[in-house]
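Content type mmCIF, N, CA and C atoms, from the file data-v2.cif:
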data_coords
loop_
_atom_site.label_atom_id
_atom_site.label_comp_id
_atom_site.auth_asym_id
_atom_site.auth_seq_id
_atom_site.Cartn_x
_atom_site.Cartn_y
_atom_site.Cartn_z
N MET F 257 -17.75 -3.38 -15.81
CA MET F 257 -18.04 -4.54 -14.96
C MET F 257 -17.27 -4.38 -13.66
N THR F 258 -17.88 -4.83 -12.59
CA THR F 258 -17.30 -4.67 -11.26
C THR F 258 -17.12 -6.02 -10.58
N PHE F 259 -16.40 -5.95 -9.46
CA PHE F 259 -16.26 -7.11 -8.60
C PHE F 259 -16.24 -6.61 -7.16
N ALA F 260 -16.45 -7.51 -6.22
CA ALA F 260 -16.50 -7.15 -4.80
C ALA F 260 -15.09 -7.15 -4.23
N LEU F 261 -14.79 -6.11 -3.44
CA LEU F 261 -13.49 -6.00 -2.79
C LEU F 261 -13.68 -5.80 -1.30
N SER F 262 -12.92 -6.56 -0.53
CA SER F 262 -12.82 -6.39 0.91
C SER F 262 -11.34 -6.10 1.20
N PHE F 263 -11.06 -4.94 1.77
CA PHE F 263 -9.70 -4.46 2.02
C PHE F 263 -9.57 -4.20 3.51
N ASP F 264 -8.76 -5.02 4.19
CA ASP F 264 -8.68 -4.98 5.66
C ASP F 264 -7.26 -4.97 6.18
N THR F 265 -7.11 -4.40 7.38
CA THR F 265 -5.90 -4.56 8.19
C THR F 265 -6.35 -5.31 9.44
N PRO F 266 -5.42 -5.74 10.29
CA PRO F 266 -5.85 -6.40 11.52
C PRO F 266 -6.71 -5.50 12.42
N GLU F 267 -6.53 -4.17 12.29
CA GLU F 267 -7.25 -3.24 13.15
C GLU F 267 -8.58 -2.76 12.62
N ARG F 268 -8.72 -2.71 11.27
CA ARG F 268 -9.94 -2.10 10.74
C ARG F 268 -10.20 -2.50 9.30
N VAL F 269 -11.45 -2.27 8.89
CA VAL F 269 -11.84 -2.45 7.50
C VAL F 269 -11.50 -1.13 6.80
N ILE F 270 -10.70 -1.21 5.74
CA ILE F 270 -10.33 -0.03 4.97
C ILE F 270 -11.40 0.29 3.93
N PHE F 271 -11.88 -0.75 3.25
CA PHE F 271 -12.87 -0.57 2.19
C PHE F 271 -13.62 -1.87 1.97
N GLU F 272 -14.92 -1.74 1.72
CA GLU F 272 -15.73 -2.87 1.26
C GLU F 272 -16.72 -2.33 0.25
N GLY F 273 -16.76 -2.96 -0.91
CA GLY F 273 -17.70 -2.53 -1.92
C GLY F 273 -17.33 -3.01 -3.30
N SER F 274 -18.05 -2.50 -4.29
CA SER F 274 -17.81 -2.87 -5.68
C SER F 274 -16.78 -1.94 -6.30
N VAL F 275 -15.88 -2.52 -7.06
CA VAL F 275 -14.83 -1.74 -7.73
C VAL F 275 -14.68 -2.22 -9.16
N ILE F 276 -14.07 -1.36 -9.97
CA ILE F 276 -13.78 -1.71 -11.36
C ILE F 276 -12.40 -2.35 -11.47
N SER F 277 -11.48 -1.85 -10.63
CA SER F 277 -10.09 -2.29 -10.75
C SER F 277 -9.38 -2.21 -9.40
N LEU F 278 -8.42 -3.10 -9.22
CA LEU F 278 -7.54 -3.09 -8.06
C LEU F 278 -6.13 -3.32 -8.59
N ILE F 279 -5.23 -2.42 -8.26
CA ILE F 279 -3.81 -2.59 -8.61
C ILE F 279 -3.05 -2.71 -7.29
N ALA F 280 -2.27 -3.79 -7.16
CA ALA F 280 -1.59 -4.09 -5.90
C ALA F 280 -0.16 -4.55 -6.16
N PRO F 281 0.73 -4.32 -5.17
CA PRO F 281 2.14 -4.67 -5.32
C PRO F 281 2.43 -6.13 -4.98
N GLY F 282 2.37 -6.99 -5.97
CA GLY F 282 2.69 -8.40 -5.76
C GLY F 282 4.19 -8.60 -5.59
N THR F 283 4.57 -9.76 -5.15
CA THR F 283 5.97 -10.07 -4.88
C THR F 283 6.85 -9.93 -6.13
N ILE F 284 6.31 -10.28 -7.29
CA ILE F 284 7.13 -10.19 -8.51
C ILE F 284 6.72 -9.01 -9.40
N GLY F 285 5.93 -8.10 -8.86
CA GLY F 285 5.54 -6.91 -9.60
C GLY F 285 4.08 -6.56 -9.35
N TYR F 286 3.70 -5.41 -9.85
CA TYR F 286 2.31 -4.97 -9.67
C TYR F 286 1.37 -5.81 -10.53
N LEU F 287 0.17 -6.05 -9.99
CA LEU F 287 -0.83 -6.78 -10.75
C LEU F 287 -2.15 -6.04 -10.68
N GLU F 288 -2.89 -6.11 -11.76
CA GLU F 288 -4.20 -5.48 -11.80
C GLU F 288 -5.27 -6.55 -11.83
N ILE F 289 -6.25 -6.37 -10.98
CA ILE F 289 -7.39 -7.28 -10.90
C ILE F 289 -8.59 -6.57 -11.49
N LEU F 290 -9.26 -7.23 -12.42
CA LEU F 290 -10.48 -6.73 -13.03
C LEU F 290 -11.57 -7.78 -12.80
N ALA F 291 -12.79 -7.45 -13.16
CA ALA F 291 -13.90 -8.39 -13.00
C ALA F 291 -13.58 -9.71 -13.72
N HIS F 292 -13.99 -10.79 -13.11
CA HIS F 292 -13.83 -12.15 -13.64
C HIS F 292 -12.37 -12.58 -13.76
N HIS F 293 -11.52 -12.05 -12.90
CA HIS F 293 -10.11 -12.46 -12.87
C HIS F 293 -10.01 -13.92 -12.46
N ALA F 294 -9.02 -14.60 -12.96
CA ALA F 294 -8.78 -16.00 -12.57
C ALA F 294 -8.47 -16.06 -11.08
N PRO F 295 -8.79 -17.16 -10.42
CA PRO F 295 -8.46 -17.30 -9.01
C PRO F 295 -6.95 -17.16 -8.77
N ILE F 296 -6.62 -16.48 -7.69
CA ILE F 296 -5.21 -16.26 -7.36
C ILE F 296 -5.08 -15.99 -5.87
N ILE F 297 -3.99 -16.44 -5.31
CA ILE F 297 -3.58 -16.06 -3.96
C ILE F 297 -2.12 -15.68 -4.08
N THR F 298 -1.76 -14.48 -3.60
CA THR F 298 -0.38 -14.02 -3.70
C THR F 298 -0.02 -13.16 -2.50
N THR F 299 1.26 -13.09 -2.23
CA THR F 299 1.73 -12.20 -1.19
C THR F 299 1.94 -10.81 -1.79
N LEU F 300 1.87 -9.82 -0.92
CA LEU F 300 2.09 -8.44 -1.31
C LEU F 300 3.30 -7.88 -0.59
N VAL F 301 3.97 -6.95 -1.23
CA VAL F 301 5.13 -6.27 -0.65
C VAL F 301 4.74 -4.82 -0.41
N PRO F 302 5.56 -4.07 0.33
CA PRO F 302 5.26 -2.64 0.49
C PRO F 302 5.13 -1.97 -0.87
N GLY F 303 4.09 -1.17 -1.02
CA GLY F 303 3.87 -0.50 -2.29
C GLY F 303 2.57 0.28 -2.28
N LYS F 304 2.12 0.59 -3.48
CA LYS F 304 0.91 1.40 -3.67
C LYS F 304 -0.24 0.51 -4.11
N VAL F 305 -1.38 0.72 -3.48
CA VAL F 305 -2.62 0.07 -3.90
C VAL F 305 -3.52 1.15 -4.49
N THR F 306 -4.02 0.88 -5.69
CA THR F 306 -4.95 1.79 -6.34
C THR F 306 -6.26 1.06 -6.58
N ILE F 307 -7.34 1.65 -6.08
CA ILE F 307 -8.68 1.11 -6.27
C ILE F 307 -9.44 2.09 -7.16
N THR F 308 -10.07 1.58 -8.21
CA THR F 308 -10.91 2.41 -9.07
C THR F 308 -12.36 2.05 -8.79
N LEU F 309 -13.11 3.04 -8.33
CA LEU F 309 -14.51 2.84 -7.99
C LEU F 309 -15.40 2.88 -9.24
N GLU F 310 -16.64 2.53 -9.07
CA GLU F 310 -17.59 2.50 -10.19
C GLU F 310 -17.73 3.85 -10.88
N ASN F 311 -17.56 4.95 -10.13
CA ASN F 311 -17.68 6.30 -10.70
C ASN F 311 -16.35 6.80 -11.28
N GLN F 312 -15.37 5.90 -11.43
CA GLN F 312 -14.03 6.19 -11.97
C GLN F 312 -13.11 6.90 -10.98
N GLU F 313 -13.59 7.19 -9.76
CA GLU F 313 -12.74 7.79 -8.74
C GLU F 313 -11.68 6.79 -8.31
N LYS F 314 -10.47 7.29 -8.11
CA LYS F 314 -9.37 6.42 -7.68
C LYS F 314 -9.04 6.70 -6.21
N LYS F 315 -8.84 5.64 -5.47
CA LYS F 315 -8.40 5.71 -4.07
C LYS F 315 -7.00 5.12 -4.03
N ILE F 316 -6.05 5.87 -3.45
CA ILE F 316 -4.65 5.44 -3.44
C ILE F 316 -4.19 5.27 -2.00
N PHE F 317 -3.52 4.16 -1.75
CA PHE F 317 -3.07 3.80 -0.42
C PHE F 317 -1.61 3.35 -0.45
N ALA F 318 -0.92 3.57 0.66
CA ALA F 318 0.38 2.94 0.89
C ALA F 318 0.10 1.72 1.75
N VAL F 319 0.65 0.57 1.36
CA VAL F 319 0.49 -0.65 2.16
C VAL F 319 1.86 -1.20 2.51
N SER F 320 1.90 -1.96 3.59
CA SER F 320 3.18 -2.47 4.05
C SER F 320 3.37 -3.96 3.80
N GLY F 321 2.54 -4.53 2.99
CA GLY F 321 2.66 -5.96 2.70
C GLY F 321 1.46 -6.71 3.21
N GLY F 322 1.27 -7.91 2.69
CA GLY F 322 0.14 -8.72 3.11
C GLY F 322 -0.19 -9.78 2.08
N PHE F 323 -1.49 -10.00 1.87
CA PHE F 323 -1.96 -11.05 0.97
C PHE F 323 -3.13 -10.56 0.14
N LEU F 324 -3.25 -11.14 -1.05
CA LEU F 324 -4.38 -10.87 -1.94
C LEU F 324 -4.94 -12.21 -2.38
N LYS F 325 -6.25 -12.33 -2.27
CA LYS F 325 -6.95 -13.54 -2.73
C LYS F 325 -8.09 -13.10 -3.64
N VAL F 326 -8.18 -13.75 -4.79
CA VAL F 326 -9.27 -13.48 -5.74
C VAL F 326 -9.90 -14.81 -6.10
N VAL F 327 -11.22 -14.88 -5.95
CA VAL F 327 -11.97 -16.07 -6.34
C VAL F 327 -13.44 -15.68 -6.56
N ASN F 328 -14.05 -16.19 -7.61
CA ASN F 328 -15.47 -15.97 -7.90
C ASN F 328 -15.89 -14.51 -7.87
N ASN F 329 -15.11 -13.65 -8.51
CA ASN F 329 -15.42 -12.23 -8.61
C ASN F 329 -15.43 -11.51 -7.26
N ASN F 330 -14.67 -12.07 -6.32
CA ASN F 330 -14.49 -11.46 -5.00
C ASN F 330 -13.00 -11.38 -4.72
N ALA F 331 -12.54 -10.21 -4.30
CA ALA F 331 -11.14 -10.03 -3.94
C ALA F 331 -11.05 -9.67 -2.47
N SER F 332 -10.08 -10.26 -1.79
CA SER F 332 -9.79 -9.95 -0.40
C SER F 332 -8.35 -9.47 -0.32
N LEU F 333 -8.18 -8.26 0.17
CA LEU F 333 -6.87 -7.66 0.33
C LEU F 333 -6.63 -7.55 1.83
N LEU F 334 -5.68 -8.32 2.34
CA LEU F 334 -5.37 -8.34 3.77
C LEU F 334 -3.95 -7.82 3.94
N VAL F 335 -3.80 -6.66 4.56
CA VAL F 335 -2.48 -6.04 4.68
C VAL F 335 -2.16 -5.75 6.14
N ASP F 336 -0.86 -5.66 6.42
CA ASP F 336 -0.42 -5.36 7.78
C ASP F 336 -0.80 -3.95 8.18
N ALA F 337 -0.62 -3.00 7.27
CA ALA F 337 -0.97 -1.60 7.52
C ALA F 337 -1.28 -0.92 6.20
N ALA F 338 -2.17 0.07 6.26
CA ALA F 338 -2.55 0.83 5.06
C ALA F 338 -2.86 2.26 5.46
N GLU F 339 -2.48 3.18 4.59
CA GLU F 339 -2.78 4.60 4.80
C GLU F 339 -3.24 5.21 3.48
N PHE F 340 -4.24 6.09 3.55
CA PHE F 340 -4.59 6.88 2.37
C PHE F 340 -3.38 7.72 2.01
N ALA F 341 -3.07 7.82 0.73
CA ALA F 341 -1.92 8.63 0.29
C ALA F 341 -2.02 10.06 0.82
N SER F 342 -3.23 10.60 0.83
CA SER F 342 -3.42 11.99 1.27
C SER F 342 -3.21 12.18 2.77
N GLN F 343 -3.21 11.10 3.54
CA GLN F 343 -3.07 11.21 4.99
C GLN F 343 -1.68 10.83 5.50
N ILE F 344 -0.77 10.55 4.59
CA ILE F 344 0.59 10.22 5.01
C ILE F 344 1.28 11.48 5.51
N ASN F 345 1.96 11.36 6.63
CA ASN F 345 2.72 12.48 7.19
C ASN F 345 4.15 12.37 6.65
N PRO F 346 4.55 13.27 5.74
CA PRO F 346 5.88 13.14 5.13
C PRO F 346 7.02 13.31 6.13
N GLU F 347 6.84 14.16 7.12
CA GLU F 347 7.90 14.35 8.12
C GLU F 347 8.09 13.09 8.94
N GLN F 348 7.01 12.45 9.28
CA GLN F 348 7.09 11.19 10.03
C GLN F 348 7.80 10.12 9.19
N ALA F 349 7.49 10.07 7.90
CA ALA F 349 8.15 9.11 7.01
C ALA F 349 9.65 9.41 6.90
N LYS F 350 10.00 10.69 6.76
CA LYS F 350 11.42 11.07 6.69
C LYS F 350 12.16 10.70 7.98
N ASN F 351 11.51 10.93 9.11
CA ASN F 351 12.13 10.57 10.39
C ASN F 351 12.33 9.06 10.51
N ALA F 352 11.36 8.29 10.02
CA ALA F 352 11.48 6.82 10.05
C ALA F 352 12.61 6.35 9.14
N ILE F 353 12.77 7.00 7.99
CA ILE F 353 13.87 6.67 7.08
C ILE F 353 15.20 6.93 7.77
N GLN F 354 15.32 8.09 8.39
CA GLN F 354 16.57 8.46 9.07
C GLN F 354 16.88 7.48 10.20
N LYS F 355 15.89 7.15 10.98
CA LYS F 355 16.10 6.22 12.11
C LYS F 355 16.53 4.84 11.61
N ALA F 356 15.88 4.34 10.57
CA ALA F 356 16.22 3.03 10.02
C ALA F 356 17.63 3.03 9.44
N GLU F 357 17.98 4.12 8.73
CA GLU F 357 19.34 4.21 8.16
C GLU F 357 20.40 4.25 9.25
N GLU F 358 20.11 4.95 10.34
CA GLU F 358 21.05 5.00 11.46
C GLU F 358 21.22 3.61 12.08
N LEU F 359 20.13 2.89 12.23
CA LEU F 359 20.21 1.53 12.77
C LEU F 359 21.05 0.63 11.87
N LEU F 360 20.87 0.78 10.56
CA LEU F 360 21.61 -0.07 9.62
C LEU F 360 23.10 0.26 9.60
N LYS F 361 23.46 1.49 9.94
CA LYS F 361 24.88 1.88 10.00
C LYS F 361 25.52 1.56 11.35
N SER F 362 24.70 1.22 12.32
CA SER F 362 25.16 0.97 13.68
C SER F 362 26.02 -0.29 13.77
N ASP F 363 27.00 -0.24 14.67
CA ASP F 363 27.82 -1.42 14.94
C ASP F 363 27.25 -2.24 16.09
N ASP F 364 26.13 -1.82 16.62
CA ASP F 364 25.50 -2.50 17.75
C ASP F 364 25.02 -3.89 17.32
N PRO F 365 25.53 -4.95 17.95
CA PRO F 365 25.12 -6.31 17.56
C PRO F 365 23.66 -6.61 17.92
N LYS F 366 23.04 -5.78 18.75
CA LYS F 366 21.65 -6.00 19.14
C LYS F 366 20.66 -5.50 18.08
N VAL F 367 21.16 -4.77 17.07
CA VAL F 367 20.28 -4.25 16.03
C VAL F 367 19.77 -5.41 15.18
N ASP F 368 18.45 -5.43 15.01
CA ASP F 368 17.81 -6.44 14.17
C ASP F 368 17.85 -5.92 12.73
N ILE F 369 18.86 -6.34 11.98
CA ILE F 369 19.10 -5.83 10.63
C ILE F 369 17.91 -6.10 9.69
N PRO F 370 17.36 -7.32 9.64
CA PRO F 370 16.21 -7.55 8.76
C PRO F 370 15.02 -6.64 9.10
N ARG F 371 14.79 -6.44 10.38
CA ARG F 371 13.68 -5.57 10.80
C ARG F 371 13.94 -4.13 10.39
N ALA F 372 15.18 -3.66 10.54
CA ALA F 372 15.53 -2.30 10.16
C ALA F 372 15.40 -2.11 8.64
N LYS F 373 15.78 -3.13 7.86
CA LYS F 373 15.63 -3.04 6.41
C LYS F 373 14.16 -2.96 6.01
N LYS F 374 13.31 -3.74 6.68
CA LYS F 374 11.88 -3.69 6.39
C LYS F 374 11.29 -2.33 6.77
N ALA F 375 11.73 -1.79 7.90
CA ALA F 375 11.25 -0.47 8.33
C ALA F 375 11.66 0.60 7.33
N LEU F 376 12.88 0.50 6.82
CA LEU F 376 13.37 1.45 5.82
C LEU F 376 12.53 1.35 4.54
N ALA F 377 12.26 0.15 4.10
CA ALA F 377 11.46 -0.04 2.88
C ALA F 377 10.05 0.53 3.06
N ARG F 378 9.44 0.29 4.22
CA ARG F 378 8.08 0.80 4.48
C ARG F 378 8.08 2.33 4.48
N ALA F 379 9.06 2.93 5.15
CA ALA F 379 9.11 4.39 5.24
C ALA F 379 9.37 5.03 3.88
N LYS F 380 10.27 4.45 3.10
CA LYS F 380 10.54 4.98 1.76
C LYS F 380 9.30 4.85 0.87
N ASN F 381 8.60 3.75 1.00
CA ASN F 381 7.37 3.54 0.24
C ASN F 381 6.34 4.61 0.59
N ARG F 382 6.14 4.85 1.88
CA ARG F 382 5.17 5.85 2.32
C ARG F 382 5.51 7.23 1.76
N LEU F 383 6.78 7.61 1.84
CA LEU F 383 7.20 8.92 1.36
C LEU F 383 7.02 9.03 -0.15
N LYS F 384 7.39 8.02 -0.89
CA LYS F 384 7.26 8.05 -2.35
C LYS F 384 5.79 8.15 -2.77
N ILE F 385 4.94 7.39 -2.13
CA ILE F 385 3.52 7.43 -2.48
C ILE F 385 2.93 8.81 -2.17
N TYR F 386 3.31 9.38 -1.04
CA TYR F 386 2.84 10.72 -0.70
C TYR F 386 3.32 11.74 -1.74
N GLU F 387 4.60 11.68 -2.08
CA GLU F 387 5.16 12.63 -3.04
C GLU F 387 4.51 12.47 -4.43
N ASP F 388 4.32 11.24 -4.86
CA ASP F 388 3.66 10.99 -6.15
C ASP F 388 2.22 11.50 -6.13
N PHE F 389 1.53 11.28 -5.02
CA PHE F 389 0.15 11.74 -4.88
C PHE F 389 0.09 13.26 -4.95
N MET F 390 0.97 13.95 -4.24
CA MET F 390 0.98 15.40 -4.25
C MET F 390 1.33 15.94 -5.63
N ALA F 391 2.26 15.30 -6.32
CA ALA F 391 2.65 15.73 -7.67
C ALA F 391 1.47 15.56 -8.63
N SER F 392 0.71 14.48 -8.48
CA SER F 392 -0.43 14.27 -9.38
C SER F 392 -1.53 15.29 -9.10
N LYS F 393 -1.67 15.71 -7.86
CA LYS F 393 -2.64 16.75 -7.55
C LYS F 393 -2.24 18.08 -8.19
N ASP F 394 -0.94 18.37 -8.20
CA ASP F 394 -0.46 19.61 -8.80
C ASP F 394 -0.71 19.65 -10.29
N THR F 395 -0.59 18.50 -10.96
CA THR F 395 -0.80 18.48 -12.41
C THR F 395 -2.27 18.62 -12.78
N LEU F 396 -3.16 18.35 -11.83
CA LEU F 396 -4.59 18.47 -12.10
C LEU F 396 -5.09 19.89 -11.92
N ARG F 397 -4.30 20.76 -11.34
CA ARG F 397 -4.73 22.14 -11.09
C ARG F 397 -4.68 22.98 -12.33
#
Go ahead and render the structure in this file as structure tokens.
Amino acid sequence: MTFALSFDTPERVIFEGSVISLIAPGTIGYLEILAHHAPIITTLVPGKVTITLENQEKKIFAVSGGFLKVVNNNASLLVDAAEFASQINPEQAKNAIQKAEELLKSDDPKVDIPRAKKALARAKNRLKIYEDFMASKDTLR
């Protein structure tokens, strides 16, 4: 059984179509949405989104937070940013981690600590999802 999913960022539509399953990083943990799920609205934190298509293919994304709404067999995933796991640049993520860590160690009173912590969490999330994705590809060979 399937349900309709609309997955968007402010800049673009990531995915629209029928899916079997959606796994998303809710504020208190990961949640899986299946057909005929009870209505829900929840916030999302940086993490991994996994979509299972009708043909059992899985699409994996890194997201930076947002909202999930499910009602009447329709799910809307609205996130600040999303990247396919396969398209994450690990060097860029490592550089972002280093930059955020340097900001957090800085004595500069102009440093926005909450913003630096969020940037660090997003960069670590991106790197972990990329590494997990690459490791899963290696086990399939």
Practice item. With the file shown as input, list the residues that the PyMOL selection byres ((chain F and resi 263-273) around 5) selects, as a list in words. Key: Ala260, Leu261, Ser262, Ser274, Val275, Leu333, Leu334 and Val335 of chain F
Exercise for review: Please write the residues picked by the PyMOL selection byres ((chain F and resi 353) around 8) on this file as a ChimeraX atom specification.
Suggested key: /F:347-352,354-359,375-380
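Every protein or nucleic acid residue with an atom no more than 6.5 Å from stretch 303-313 of chain F, counting all atoms listed in the file and leaving out same-chain residues fewer than 3 positions away, appears here: Ser274, Val275, Ile276, Ser277, Leu278, Ile279, Ala280, Pro281, Ile316, Phe317, Ala318, Val319, Ser320, Gly321 and Asn381 of chain F.
This file, queried with the PyMOL selection byres ((chain F and resi 327) around 6), gives the residues Ala294, Pro295, Ile296, Lys325, Val326, Asn328, Asn329, Asn330 and Ala331 of chain F.
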Point to revise | atom C of F:Ala341 to atom CA of F:Ile369, distance in Å rounded to a single decimal | key: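 Interatomic distance, atom C of F:Ala341 to atom CA of F:Ile369: 28.2 Å.
The interatomic distance for the pair atom CA of F:His292 and atom CA of F:Phe259 works out to 7.5 Å.
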Check your understanding: Closest to F:Leu324 among F:Leu287, F:Leu383, F:Leu360, F:Ala338, using only C-alpha atoms?
Key ->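 Counting only C-alpha atoms, the residue closest to F:Leu324 is F:Leu287.
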Review point. Quick one: distance from atom C of F:Met390 to atom CA of F:Thr258 in Å, one decimal?
Key: 28.3 Å
Review point. For F:Ala291, which of F:Phe340, F:Lys315, F:Val367, F:Met257 is the closest residue, counting all atoms listed in the file?
Key: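 Under the stated criterion, the closest residue is F:Met257.
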Review point. Would you give me, as a PyMOL selection string, the residues in chain F that DSSP reads as strand (DSSP E or B)?
Key: chain F and resi 259-264+269-282+285-290+296-300+303-309+314-319+322-327+330-335+338-340
